[in-house]
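Shown below: model-v7.pdb, with PDB, C-alpha atoms and all ligand atoms.
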```pdb
ATOM      1  CA  MET A   1     -71.049  -1.173 -27.401
ATOM      2  CA  VAL A   2     -69.340  -4.332 -28.623
ATOM      3  CA  GLU A   3     -68.833  -7.619 -26.824
ATOM      4  CA  LEU A   4     -66.515 -10.597 -27.315
ATOM      5  CA  LEU A   5     -68.168 -13.992 -26.853
ATOM      6  CA  PRO A   6     -67.207 -17.626 -27.320
ATOM      7  CA  LEU A   7     -67.985 -18.517 -30.934
ATOM      8  CA  SER A   8     -70.124 -21.417 -29.689
ATOM      9  CA  ASP A   9     -72.667 -18.818 -28.452
ATOM     10  CA  ILE A  10     -73.464 -17.872 -32.070
ATOM     11  CA  GLU A  11     -75.749 -19.715 -34.495
ATOM     12  CA  PRO A  12     -73.533 -21.576 -37.000
ATOM     13  CA  GLN A  13     -75.639 -20.201 -39.896
ATOM     14  CA  ALA A  14     -74.893 -16.619 -38.815
ATOM     15  CA  VAL A  15     -71.166 -17.408 -38.749
ATOM     16  CA  GLU A  16     -71.310 -18.926 -42.245
ATOM     17  CA  ALA A  17     -73.222 -15.900 -43.589
ATOM     18  CA  LEU A  18     -70.580 -13.560 -42.149
ATOM     19  CA  LEU A  19     -67.763 -15.606 -43.723
ATOM     20  CA  ASP A  20     -69.579 -15.516 -47.091
ATOM     21  CA  ALA A  21     -69.866 -11.724 -46.819
ATOM     22  CA  ALA A  22     -66.182 -11.274 -45.891
ATOM     23  CA  PHE A  23     -64.550 -13.851 -48.198
ATOM     24  CA  GLY A  24     -67.155 -14.664 -50.857
ATOM     25  CA  THR A  25     -69.093 -17.879 -51.339
ATOM     26  CA  ASP A  26     -66.191 -19.428 -53.281
ATOM     27  CA  ARG A  27     -64.076 -19.464 -50.112
ATOM     28  CA  PHE A  28     -64.285 -23.274 -49.732
ATOM     29  CA  GLY A  29     -61.662 -23.817 -52.450
ATOM     30  CA  ARG A  30     -58.985 -22.078 -50.392
ATOM     31  CA  THR A  31     -56.044 -24.158 -49.175
ATOM     32  CA  ALA A  32     -56.808 -23.218 -45.560
ATOM     33  CA  TYR A  33     -60.007 -25.246 -45.777
ATOM     34  CA  ARG A  34     -57.993 -28.393 -46.557
ATOM     35  CA  LEU A  35     -56.033 -27.927 -43.352
ATOM     36  CA  ARG A  36     -59.091 -28.266 -41.183
ATOM     37  CA  GLU A  37     -60.988 -31.029 -42.932
ATOM     38  CA  GLY A  38     -62.588 -33.390 -40.445
ATOM     39  CA  VAL A  39     -61.640 -31.392 -37.346
ATOM     40  CA  ASP A  40     -63.530 -28.928 -35.160
ATOM     41  CA  ALA A  41     -62.380 -25.402 -34.329
ATOM     42  CA  VAL A  42     -60.617 -25.001 -30.955
ATOM     43  CA  PRO A  43     -63.385 -23.685 -28.653
ATOM     44  CA  ALA A  44     -60.973 -21.909 -26.264
ATOM     45  CA  LEU A  45     -59.476 -19.880 -29.151
ATOM     46  CA  SER A  46     -62.546 -19.123 -31.298
ATOM     47  CA  PHE A  47     -64.558 -15.962 -30.662
ATOM     48  CA  ALA A  48     -67.277 -13.680 -31.990
ATOM     49  CA  LEU A  49     -67.573  -9.903 -31.818
ATOM     50  CA  VAL A  50     -71.165  -8.760 -31.395
ATOM     51  CA  GLY A  51     -72.617  -5.243 -31.296
ATOM     52  CA  ASP A  52     -76.278  -4.323 -30.732
ATOM     53  CA  GLY A  53     -77.262  -7.947 -31.297
ATOM     54  CA  ALA A  54     -75.543  -8.136 -34.699
ATOM     55  CA  LEU A  55     -72.548 -10.296 -35.541
ATOM     56  CA  ILE A  56     -69.634  -7.991 -36.482
ATOM     57  CA  GLY A  57     -66.754 -10.430 -36.747
ATOM     58  CA  THR A  58     -65.395 -13.870 -35.950
ATOM     59  CA  ILE A  59     -62.089 -15.611 -35.394
ATOM     60  CA  GLN A  60     -61.567 -19.358 -35.500
ATOM     61  CA  CYS A  61     -58.515 -21.479 -34.717
ATOM     62  CA  TRP A  62     -57.854 -25.082 -35.742
ATOM     63  CA  PRO A  63     -55.660 -27.958 -34.571
ATOM     64  CA  VAL A  64     -53.049 -28.703 -37.243
ATOM     65  CA  ALA A  65     -49.603 -30.305 -37.271
ATOM     66  CA  HIS A  66     -46.270 -29.972 -39.049
ATOM     67  CA  ARG A  67     -45.096 -33.421 -40.120
ATOM     68  CA  GLY A  68     -41.463 -33.881 -41.114
ATOM     69  CA  ALA A  69     -40.204 -36.507 -43.545
ATOM     70  CA  ASP A  70     -38.729 -38.420 -40.585
ATOM     71  CA  GLY A  71     -42.204 -38.809 -39.084
ATOM     72  CA  THR A  72     -41.779 -36.114 -36.428
ATOM     73  CA  ALA A  73     -45.073 -34.333 -35.788
ATOM     74  CA  THR A  74     -45.272 -30.906 -34.134
ATOM     75  CA  SER A  75     -48.648 -29.583 -33.026
ATOM     76  CA  LEU A  76     -49.579 -26.141 -34.337
ATOM     77  CA  VAL A  77     -52.698 -23.984 -34.164
ATOM     78  CA  MET A  78     -53.961 -22.484 -37.412
ATOM     79  CA  VAL A  79     -55.472 -19.017 -36.979
ATOM     80  CA  GLY A  80     -58.244 -18.049 -39.330
ATOM     81  CA  PRO A  81     -60.439 -17.132 -40.844
ATOM     82  CA  VAL A  82     -60.431 -13.747 -39.206
ATOM     83  CA  ALA A  83     -63.455 -12.018 -40.659
ATOM     84  CA  VAL A  84     -65.099  -8.646 -40.142
ATOM     85  CA  HIS A  85     -68.362  -7.807 -41.884
ATOM     86  CA  PRO A  86     -67.678  -5.515 -44.875
ATOM     87  CA  ASP A  87     -69.866  -2.797 -43.340
ATOM     88  CA  ALA A  88     -67.703  -2.762 -40.210
ATOM     89  CA  GLN A  89     -64.178  -3.125 -41.606
ATOM     90  CA  ARG A  90     -61.319  -0.754 -40.772
ATOM     91  CA  GLY A  91     -62.857   0.110 -37.433
ATOM     92  CA  GLY A  92     -60.431  -1.794 -35.219
ATOM     93  CA  HIS A  93     -62.621  -4.893 -35.006
ATOM     94  CA  GLY A  94     -60.122  -7.259 -36.640
ATOM     95  CA  ARG A  95     -57.450  -6.060 -34.251
ATOM     96  CA  MET A  96     -59.803  -6.548 -31.309
ATOM     97  CA  LEU A  97     -60.534 -10.163 -32.322
ATOM     98  CA  MET A  98     -56.863 -10.959 -32.899
ATOM     99  CA  ALA A  99     -55.726  -9.361 -29.633
ATOM    100  CA  TYR A 100     -58.357 -11.274 -27.658
ATOM    101  CA  MET A 101     -57.431 -14.581 -29.293
ATOM    102  CA  LEU A 102     -53.699 -13.952 -28.743
ATOM    103  CA  GLU A 103     -54.272 -13.222 -25.068
ATOM    104  CA  ALA A 104     -56.130 -16.535 -24.714
ATOM    105  CA  ALA A 105     -53.424 -18.314 -26.730
ATOM    106  CA  GLU A 106     -50.731 -17.095 -24.305
ATOM    107  CA  THR A 107     -52.018 -19.608 -21.766
ATOM    108  CA  ARG A 108     -54.223 -21.989 -23.741
ATOM    109  CA  ALA A 109     -52.655 -22.712 -27.148
ATOM    110  CA  ASP A 110     -51.280 -26.267 -27.352
ATOM    111  CA  GLY A 111     -48.928 -25.371 -30.215
ATOM    112  CA  ALA A 112     -47.321 -22.373 -31.904
ATOM    113  CA  LEU A 113     -49.564 -20.326 -34.223
ATOM    114  CA  MET A 114     -49.588 -20.390 -38.030
ATOM    115  CA  MET A 115     -51.820 -18.772 -40.627
ATOM    116  CA  ILE A 116     -52.176 -17.863 -44.285
ATOM    117  CA  GLY A 117     -52.612 -14.099 -44.344
ATOM    118  CA  ASP A 118     -51.309 -10.681 -45.304
ATOM    119  CA  PRO A 119     -47.942  -9.990 -43.621
ATOM    120  CA  GLU A 120     -48.742  -6.267 -43.911
ATOM    121  CA  TYR A 121     -51.554  -6.795 -41.385
ATOM    122  CA  TYR A 122     -50.554  -9.810 -39.279
ATOM    123  CA  GLY A 123     -46.875  -8.879 -39.126
ATOM    124  CA  ARG A 124     -47.360  -5.221 -38.464
ATOM    125  CA  PHE A 125     -49.804  -5.636 -35.603
ATOM    126  CA  PHE A 126     -49.361  -9.164 -34.251
ATOM    127  CA  GLY A 127     -45.796 -10.359 -34.772
ATOM    128  CA  PHE A 128     -46.444 -13.032 -37.405
ATOM    129  CA  THR A 129     -43.614 -13.584 -39.914
ATOM    130  CA  ALA A 130     -42.687 -16.022 -42.683
ATOM    131  CA  ASP A 131     -39.171 -16.465 -41.209
ATOM    132  CA  ALA A 132     -39.725 -20.035 -39.974
ATOM    133  CA  THR A 133     -42.005 -21.276 -42.734
ATOM    134  CA  ALA A 134     -39.764 -21.295 -45.840
ATOM    135  CA  ALA A 135     -39.366 -25.095 -45.744
ATOM    136  CA  TRP A 136     -43.002 -25.803 -44.862
ATOM    137  CA  ASP A 137     -45.500 -27.063 -47.416
ATOM    138  CA  LEU A 138     -49.284 -26.975 -47.667
ATOM    139  CA  PRO A 139     -51.700 -29.373 -49.395
ATOM    140  CA  GLY A 140     -52.756 -26.800 -52.004
ATOM    141  CA  PRO A 141     -51.675 -23.568 -53.669
ATOM    142  CA  TYR A 142     -50.440 -20.671 -51.531
ATOM    143  CA  GLU A 143     -48.052 -17.744 -51.699
ATOM    144  CA  LYS A 144     -44.900 -18.404 -49.649
ATOM    145  CA  HIS A 145     -44.738 -14.906 -48.203
ATOM    146  CA  ARG A 146     -48.284 -15.303 -46.849
ATOM    147  CA  LEU A 147     -47.505 -18.473 -44.851
ATOM    148  CA  LEU A 148     -46.961 -16.895 -41.440
ATOM    149  CA  ALA A 149     -46.208 -18.196 -37.963
ATOM    150  CA  ARG A 150     -45.530 -17.065 -34.411
ATOM    151  CA  ALA A 151     -44.371 -18.792 -31.215
ATOM    152  CA  VAL A 152     -46.760 -18.675 -28.260
ATOM    153  CA  ASN A 153     -47.270 -20.178 -24.784
ATOM    154  CA  GLY A 154     -43.766 -21.664 -24.758
ATOM    155  CA  HIS A 155     -44.301 -23.482 -28.067
ATOM    156  CA  SER A 156     -41.553 -22.754 -30.575
ATOM    157  CA  LEU A 157     -41.781 -23.113 -34.347
ATOM    158  CA  PRO A 158     -40.437 -26.041 -36.327
ATOM    159  CA  THR A 159     -38.151 -24.658 -39.031
ATOM    160  CA  GLY A 160     -37.400 -27.820 -40.996
ATOM    161  CA  ALA A 161     -39.168 -29.215 -44.031
ATOM    162  CA  GLY A 162     -42.638 -30.519 -43.295
ATOM    163  CA  MET A 163     -46.199 -30.775 -44.541
ATOM    164  CA  ILE A 164     -48.940 -28.959 -42.634
ATOM    165  CA  GLY A 165     -52.180 -30.877 -42.212
ATOM    166  CA  PRO A 166     -55.089 -31.464 -39.854
ATOM    167  CA  ARG A 167     -54.383 -33.273 -36.585
TER     168      ARG A 167
HETATM  169  C1  LIG B   1     -58.599  -8.270 -42.673
HETATM  170  C2  LIG B   1     -59.680  -7.922 -41.648
HETATM  171  C3  LIG B   1     -59.875  -9.090 -40.677
HETATM  172  C4  LIG B   1     -59.157  -6.693 -40.840
HETATM  173  O1  LIG B   1     -60.113  -6.303 -39.892
HETATM  174  P1  LIG B   1     -60.602  -4.782 -39.836
HETATM  175  O2  LIG B   1     -61.499  -4.657 -38.669
HETATM  176  O3  LIG B   1     -61.147  -4.410 -41.181
HETATM  177  O4  LIG B   1     -59.231  -3.995 -39.651
HETATM  178  P2  LIG B   1     -58.756  -3.194 -38.356
HETATM  179  O5  LIG B   1     -59.626  -2.011 -38.188
HETATM  180  O6  LIG B   1     -58.564  -4.113 -37.230
HETATM  181  O7  LIG B   1     -57.288  -2.728 -38.808
HETATM  182  C5  LIG B   1     -57.198  -1.608 -39.576
HETATM  183  C6  LIG B   1     -55.770  -1.367 -39.962
HETATM  184  O8  LIG B   1     -55.264  -2.522 -40.618
HETATM  185  C7  LIG B   1     -55.006  -2.210 -41.967
HETATM  186  N1  LIG B   1     -55.467  -3.352 -42.750
HETATM  187  C8  LIG B   1     -56.688  -3.919 -42.764
HETATM  188  N2  LIG B   1     -56.710  -4.968 -43.604
HETATM  189  C9  LIG B   1     -55.453  -5.076 -44.106
HETATM  190  C10 LIG B   1     -54.838  -5.965 -45.020
HETATM  191  N3  LIG B   1     -55.498  -6.980 -45.578
HETATM  192  N4  LIG B   1     -53.531  -5.760 -45.303
HETATM  193  C11 LIG B   1     -52.841  -4.733 -44.751
HETATM  194  N5  LIG B   1     -53.384  -3.864 -43.870
HETATM  195  C12 LIG B   1     -54.678  -4.034 -43.561
HETATM  196  C13 LIG B   1     -55.744  -0.944 -42.272
HETATM  197  O9  LIG B   1     -55.117  -0.200 -43.268
HETATM  198  C14 LIG B   1     -55.691  -0.254 -40.945
HETATM  199  O10 LIG B   1     -54.456   0.390 -40.740
HETATM  200  P3  LIG B   1     -54.429   1.892 -40.153
HETATM  201  O11 LIG B   1     -55.010   1.768 -38.774
HETATM  202  O12 LIG B   1     -52.983   2.276 -40.171
HETATM  203  O13 LIG B   1     -55.303   2.671 -41.082
HETATM  204  C15 LIG B   1     -61.018  -7.531 -42.303
HETATM  205  O14 LIG B   1     -60.840  -6.398 -43.104
HETATM  206  C16 LIG B   1     -61.642  -8.630 -43.156
HETATM  207  O15 LIG B   1     -62.428  -9.444 -42.664
HETATM  208  N6  LIG B   1     -61.320  -8.652 -44.473
HETATM  209  C17 LIG B   1     -61.872  -9.637 -45.394
HETATM  210  C18 LIG B   1     -61.439 -11.042 -45.075
HETATM  211  C19 LIG B   1     -59.945 -11.195 -44.963
HETATM  212  O16 LIG B   1     -59.208 -10.842 -45.878
HETATM  213  N7  LIG B   1     -59.462 -11.751 -43.807
HETATM  214  C20 LIG B   1     -58.054 -11.942 -43.505
HETATM  215  C21 LIG B   1     -57.477 -13.250 -43.952
HETATM  216  S1  LIG B   1     -57.565 -14.527 -42.703
END
```

What's the structure tokens form of this structure?
Ligand SMILES: CC(C)(COP(=O)(O)OP(=O)(O)OC[C@H]1O[C@@H](n2cnc3c(N)ncnc32)[C@H](O)[C@@H]1OP(=O)(O)O)[C@@H](O)C(=O)NCCC(=O)NCCS
Amino acid sequence: MVELLPLSDIEPQAVEALLDAAFGTDRFGRTAYRLREGVDAVPALSFALVGDGALIGTIQCWPVAHRGADGTATSLVMVGPVAVHPDAQRGGHGRMLMAYMLEAAETRADGALMMIGDPEYYGRFFGFTADATAAWDLPGPYEKHRLLARAVNGHSLPTGAGMIGPR
């Protein structure tokens, strides 16, 4: 029996331990971490999956923005990390977390969604593509085909050149 809860119900140390197990303790060097420096996760779009009292997985979303050279800023929501404990992977838990977050985002996201992730997973199941992101830039190394985005809640995607950063 598994249960989806607001991430704020979970001890922060338990969340960090899960992220270490899923991504490794060197995860802090990733470019995604630079996009959320100094900001808090969006409570309405961040969840935990718990089963028999144990933390199985988490999803967090962050307020970011696309800033064009002309000074135009467009609010976006960065999805991730999505993490499932290695002992519980490939059991549908990642899909459960993503589907739950996307349902909440349909009415609560204050910008379109973006993420750095595998198109084979996030495209196949959740409609994320790199179609709009070719001219976007990030403050660190990344693979272009893994910079994904998706419109949601009436928010469309900026397609012009712009730097993604925290908002
Ligand atoms: C990626 C992750 C969130 C997926 O969650 P999960 O619970 O293991 O996967 P699910 O059971 O929901 O989905 C399983 C399906 O997705 C596929 N899949 C899982 N991870 C994939 C990946 N990285 N790329 C492509 N396909 C993937 C599986 O092959 C499976 O497909 P099938 O049903 O046709 O066999 C999880 O494996 C994880 O935490 N991995 C380590 C951290 C990570 O890489 N996170 C993603 C970057 S933000």

Please write as a ChimeraX atom specification the full residue list that the PyMOL selection byres (((chain A and resi 104) around 12) and not hetatm) yields on this file.
-> /A:6,42-47,61,97-103,105-110,152-153

List every protein, DNA or RNA residue that has an atom no more than 9 Å from (-77.9, -12.7, -34.8) in the file's coordinate frame, counting only C-alpha atoms, and report them as a ChimeraX atom specification.
-> /A:10-11,14,50,53-55

Selection under test: the PyMOL selection byres (((chain A and resi 69) around 12) and not hetatm); residues as a PyMOL selection string = chain A and resi 66-68+70-73+135-137+160-164

Taking only C-alpha atoms and all ligand atoms into account, report as number ranges by chain which residues have an atom no farther than 10 Å from an atom of ligand LIG 1 (chain B).
-> A: 18-24, 32, 56-60, 79-99, 115-125, 146

Convert the output of the PyMOL selection byres (((chain A and resi 131) around 10) and not hetatm) on the shown file into explicit residues, formatted as a list in words.
->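 So the PyMOL selection byres (((chain A and resi 131) around 10) and not hetatm), applied here, picks out Phe128, Thr129, Ala130, Ala132, Thr133, Ala134, Ala135, His145, Leu147, Leu148, Ala149, Arg150, Leu157 and Thr159 of chain A.
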
Which protein, DNA or RNA residues have an atom at most 7 Å from (-69.3, -13.9, -27.2), counting all atoms listed in the file? List them as a ChimeraX atom specification.
-> /A:3-7,9,47-50

Output the selection as a PDB file, in the coordinates of the input - C-alpha atoms for each residue.
```pdb
ATOM      1  CA  GLU A   3     -68.833  -7.619 -26.824  1.00  0.00           C
ATOM      2  CA  LEU A   4     -66.515 -10.597 -27.315  1.00  0.00           C
ATOM      3  CA  LEU A   5     -68.168 -13.992 -26.853  1.00  0.00           C
ATOM      4  CA  PRO A   6     -67.207 -17.626 -27.320  1.00  0.00           C
ATOM      5  CA  LEU A   7     -67.985 -18.517 -30.934  1.00  0.00           C
ATOM      6  CA  ASP A   9     -72.667 -18.818 -28.452  1.00  0.00           C
ATOM      7  CA  PHE A  47     -64.558 -15.962 -30.662  1.00  0.00           C
ATOM      8  CA  ALA A  48     -67.277 -13.680 -31.990  1.00  0.00           C
ATOM      9  CA  LEU A  49     -67.573  -9.903 -31.818  1.00  0.00           C
ATOM     10  CA  VAL A  50     -71.165  -8.760 -31.395  1.00  0.00           C
TER      11      VAL A  50
END
```

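A straight line drawn from CA of Val77 in chain A to CA of Leu138 in chain A is 14.2 Å long.
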
Surrounding residues of Pro63 in chain A excluding itself and chain neighbours under 3 positions, 8 Å, only C-alpha atoms, as a tab-separated table (two decimals) with C-alpha atoms, keeping the file's coordinate frame:
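Final output, saved to result.tsv:
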```tsv
chain	number	residue	atom	x	y	z
A	36	ARG	CA	-59.09	-28.27	-41.18
A	39	VAL	CA	-61.64	-31.39	-37.35
A	40	ASP	CA	-63.53	-28.93	-35.16
A	41	ALA	CA	-62.38	-25.40	-34.33
A	42	VAL	CA	-60.62	-25.00	-30.96
A	75	SER	CA	-48.65	-29.58	-33.03
A	76	LEU	CA	-49.58	-26.14	-34.34
A	77	VAL	CA	-52.70	-23.98	-34.16
A	78	MET	CA	-53.96	-22.48	-37.41
A	166	PRO	CA	-55.09	-31.46	-39.85
A	167	ARG	CA	-54.38	-33.27	-36.58
```

Could you check which of A:Trp62, A:Phe126, A:Gly111, A:Pro139 is closest to Ala151 in chain A, using only C-alpha atoms?
->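 So, comparing all the options, the nearest one is A:Gly111.
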
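The two atoms in question, CA of Gly29 in chain A and CA of Pro158 in chain A, are spaced 26.7 Å apart.
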
So which one's closest to Gly127 in chain A, A:Met114, A:Pro12, A:Met1, A:Pro141? Using all atoms listed in the file, please.
->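 Nearest candidate to Gly127 in chain A out of A:Met114, A:Pro12, A:Met1, A:Pro141: A:Met114.
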
Between CA of Ala112 in chain A and CA of Ser8 in chain A, what is the distance, to one decimal in Å?
->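 Here the two named atoms are 22.9 Å from each other.
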
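You can rank A:Gly140, A:Arg30, A:Gly51, A:Val2 by their closest distance to Gly165 in chain A using only C-alpha atoms, and at the top of that list sits A:Gly140.
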
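Comparing the minimum interatomic distances between Ala65 in chain A and each of A:Leu113, A:Gly154, A:Phe28, A:Val15, counting all atoms listed in the file, we find that A:Leu113 sits nearest.
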
Completion of range 78-111 of chain A up to N, CA and C atoms, as a PDB file, in the frame of the given file:
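Resulting contents of rebuild39.pdb:
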```pdb
ATOM      1  N   MET A  78     -53.742 -23.365 -36.267  1.00  0.00           N
ATOM      2  CA  MET A  78     -53.961 -22.484 -37.412  1.00  0.00           C
ATOM      3  C   MET A  78     -54.985 -21.400 -37.050  1.00  0.00           C
ATOM      4  N   VAL A  79     -54.598 -20.161 -37.255  1.00  0.00           N
ATOM      5  CA  VAL A  79     -55.472 -19.017 -36.979  1.00  0.00           C
ATOM      6  C   VAL A  79     -56.202 -18.633 -38.265  1.00  0.00           C
ATOM      7  N   GLY A  80     -57.495 -18.550 -38.185  1.00  0.00           N
ATOM      8  CA  GLY A  80     -58.244 -18.049 -39.330  1.00  0.00           C
ATOM      9  C   GLY A  80     -59.359 -18.999 -39.750  1.00  0.00           C
ATOM     10  N   PRO A  81     -60.362 -18.502 -40.390  1.00  0.00           N
ATOM     11  CA  PRO A  81     -60.439 -17.132 -40.844  1.00  0.00           C
ATOM     12  C   PRO A  81     -60.674 -16.116 -39.720  1.00  0.00           C
ATOM     13  N   VAL A  82     -60.072 -14.941 -39.959  1.00  0.00           N
ATOM     14  CA  VAL A  82     -60.431 -13.747 -39.206  1.00  0.00           C
ATOM     15  C   VAL A  82     -61.324 -12.958 -40.147  1.00  0.00           C
ATOM     16  N   ALA A  83     -62.526 -12.677 -39.742  1.00  0.00           N
ATOM     17  CA  ALA A  83     -63.455 -12.018 -40.659  1.00  0.00           C
ATOM     18  C   ALA A  83     -64.215 -10.904 -39.961  1.00  0.00           C
ATOM     19  N   VAL A  84     -64.288  -9.772 -40.626  1.00  0.00           N
ATOM     20  CA  VAL A  84     -65.099  -8.646 -40.142  1.00  0.00           C
ATOM     21  C   VAL A  84     -66.095  -8.315 -41.251  1.00  0.00           C
ATOM     22  N   HIS A  85     -67.339  -8.109 -40.887  1.00  0.00           N
ATOM     23  CA  HIS A  85     -68.362  -7.807 -41.884  1.00  0.00           C
ATOM     24  C   HIS A  85     -67.935  -6.582 -42.700  1.00  0.00           C
ATOM     25  N   PRO A  86     -68.123  -6.634 -44.031  1.00  0.00           N
ATOM     26  CA  PRO A  86     -67.678  -5.515 -44.875  1.00  0.00           C
ATOM     27  C   PRO A  86     -68.168  -4.151 -44.400  1.00  0.00           C
ATOM     28  N   ASP A  87     -69.345  -4.090 -43.801  1.00  0.00           N
ATOM     29  CA  ASP A  87     -69.866  -2.797 -43.340  1.00  0.00           C
ATOM     30  C   ASP A  87     -69.126  -2.267 -42.117  1.00  0.00           C
ATOM     31  N   ALA A  88     -68.339  -3.151 -41.469  1.00  0.00           N
ATOM     32  CA  ALA A  88     -67.703  -2.762 -40.210  1.00  0.00           C
ATOM     33  C   ALA A  88     -66.180  -2.839 -40.274  1.00  0.00           C
ATOM     34  N   GLN A  89     -65.630  -2.990 -41.490  1.00  0.00           N
ATOM     35  CA  GLN A  89     -64.178  -3.125 -41.606  1.00  0.00           C
ATOM     36  C   GLN A  89     -63.472  -1.787 -41.371  1.00  0.00           C
ATOM     37  N   ARG A  90     -62.197  -1.900 -41.021  1.00  0.00           N
ATOM     38  CA  ARG A  90     -61.319  -0.754 -40.772  1.00  0.00           C
ATOM     39  C   ARG A  90     -61.784   0.077 -39.593  1.00  0.00           C
ATOM     40  N   GLY A  91     -62.424  -0.590 -38.636  1.00  0.00           N
ATOM     41  CA  GLY A  91     -62.857   0.110 -37.433  1.00  0.00           C
ATOM     42  C   GLY A  91     -62.193  -0.447 -36.184  1.00  0.00           C
ATOM     43  N   GLY A  92     -61.127  -1.220 -36.371  1.00  0.00           N
ATOM     44  CA  GLY A  92     -60.431  -1.794 -35.219  1.00  0.00           C
ATOM     45  C   GLY A  92     -60.975  -3.138 -34.767  1.00  0.00           C
ATOM     46  N   HIS A  93     -61.994  -3.650 -35.466  1.00  0.00           N
ATOM     47  CA  HIS A  93     -62.621  -4.893 -35.006  1.00  0.00           C
ATOM     48  C   HIS A  93     -61.728  -6.120 -35.235  1.00  0.00           C
ATOM     49  N   GLY A  94     -61.038  -6.153 -36.378  1.00  0.00           N
ATOM     50  CA  GLY A  94     -60.122  -7.259 -36.640  1.00  0.00           C
ATOM     51  C   GLY A  94     -59.017  -7.295 -35.593  1.00  0.00           C
ATOM     52  N   ARG A  95     -58.510  -6.138 -35.258  1.00  0.00           N
ATOM     53  CA  ARG A  95     -57.450  -6.060 -34.251  1.00  0.00           C
ATOM     54  C   ARG A  95     -57.962  -6.499 -32.887  1.00  0.00           C
ATOM     55  N   MET A  96     -59.210  -6.148 -32.588  1.00  0.00           N
ATOM     56  CA  MET A  96     -59.803  -6.548 -31.309  1.00  0.00           C
ATOM     57  C   MET A  96     -59.914  -8.071 -31.216  1.00  0.00           C
ATOM     58  N   LEU A  97     -60.391  -8.698 -32.296  1.00  0.00           N
ATOM     59  CA  LEU A  97     -60.534 -10.163 -32.322  1.00  0.00           C
ATOM     60  C   LEU A  97     -59.174 -10.840 -32.196  1.00  0.00           C
ATOM     61  N   MET A  98     -58.194 -10.349 -32.941  1.00  0.00           N
ATOM     62  CA  MET A  98     -56.863 -10.959 -32.899  1.00  0.00           C
ATOM     63  C   MET A  98     -56.239 -10.791 -31.512  1.00  0.00           C
ATOM     64  N   ALA A  99     -56.344  -9.602 -30.942  1.00  0.00           N
ATOM     65  CA  ALA A  99     -55.726  -9.361 -29.633  1.00  0.00           C
ATOM     66  C   ALA A  99     -56.353 -10.259 -28.562  1.00  0.00           C
ATOM     67  N   TYR A 100     -57.654 -10.443 -28.643  1.00  0.00           N
ATOM     68  CA  TYR A 100     -58.357 -11.274 -27.658  1.00  0.00           C
ATOM     69  C   TYR A 100     -57.940 -12.739 -27.795  1.00  0.00           C
ATOM     70  N   MET A 101     -57.864 -13.204 -29.053  1.00  0.00           N
ATOM     71  CA  MET A 101     -57.431 -14.581 -29.293  1.00  0.00           C
ATOM     72  C   MET A 101     -55.992 -14.778 -28.824  1.00  0.00           C
ATOM     73  N   LEU A 102     -55.116 -13.803 -29.120  1.00  0.00           N
ATOM     74  CA  LEU A 102     -53.699 -13.952 -28.743  1.00  0.00           C
ATOM     75  C   LEU A 102     -53.535 -13.983 -27.221  1.00  0.00           C
ATOM     76  N   GLU A 103     -54.340 -13.199 -26.532  1.00  0.00           N
ATOM     77  CA  GLU A 103     -54.272 -13.222 -25.068  1.00  0.00           C
ATOM     78  C   GLU A 103     -54.672 -14.604 -24.543  1.00  0.00           C
ATOM     79  N   ALA A 104     -55.723 -15.185 -25.122  1.00  0.00           N
ATOM     80  CA  ALA A 104     -56.130 -16.535 -24.714  1.00  0.00           C
ATOM     81  C   ALA A 104     -55.056 -17.557 -25.079  1.00  0.00           C
ATOM     82  N   ALA A 105     -54.436 -17.364 -26.254  1.00  0.00           N
ATOM     83  CA  ALA A 105     -53.424 -18.314 -26.730  1.00  0.00           C
ATOM     84  C   ALA A 105     -52.190 -18.312 -25.830  1.00  0.00           C
ATOM     85  N   GLU A 106     -51.915 -17.184 -25.173  1.00  0.00           N
ATOM     86  CA  GLU A 106     -50.731 -17.095 -24.305  1.00  0.00           C
ATOM     87  C   GLU A 106     -50.753 -18.160 -23.219  1.00  0.00           C
ATOM     88  N   THR A 107     -51.941 -18.583 -22.812  1.00  0.00           N
ATOM     89  CA  THR A 107     -52.018 -19.608 -21.766  1.00  0.00           C
ATOM     90  C   THR A 107     -52.705 -20.888 -22.248  1.00  0.00           C
ATOM     91  N   ARG A 108     -53.398 -20.834 -23.387  1.00  0.00           N
ATOM     92  CA  ARG A 108     -54.223 -21.989 -23.741  1.00  0.00           C
ATOM     93  C   ARG A 108     -53.848 -22.677 -25.052  1.00  0.00           C
ATOM     94  N   ALA A 109     -53.014 -22.069 -25.872  1.00  0.00           N
ATOM     95  CA  ALA A 109     -52.655 -22.712 -27.148  1.00  0.00           C
ATOM     96  C   ALA A 109     -51.784 -23.941 -26.875  1.00  0.00           C
ATOM     97  N   ASP A 110     -52.088 -25.058 -27.538  1.00  0.00           N
ATOM     98  CA  ASP A 110     -51.280 -26.267 -27.352  1.00  0.00           C
ATOM     99  C   ASP A 110     -50.250 -26.439 -28.457  1.00  0.00           C
ATOM    100  N   GLY A 111     -49.980 -25.365 -29.199  1.00  0.00           N
ATOM    101  CA  GLY A 111     -48.928 -25.371 -30.215  1.00  0.00           C
ATOM    102  C   GLY A 111     -48.687 -23.938 -30.647  1.00  0.00           C
TER     103      GLY A 111
END
```
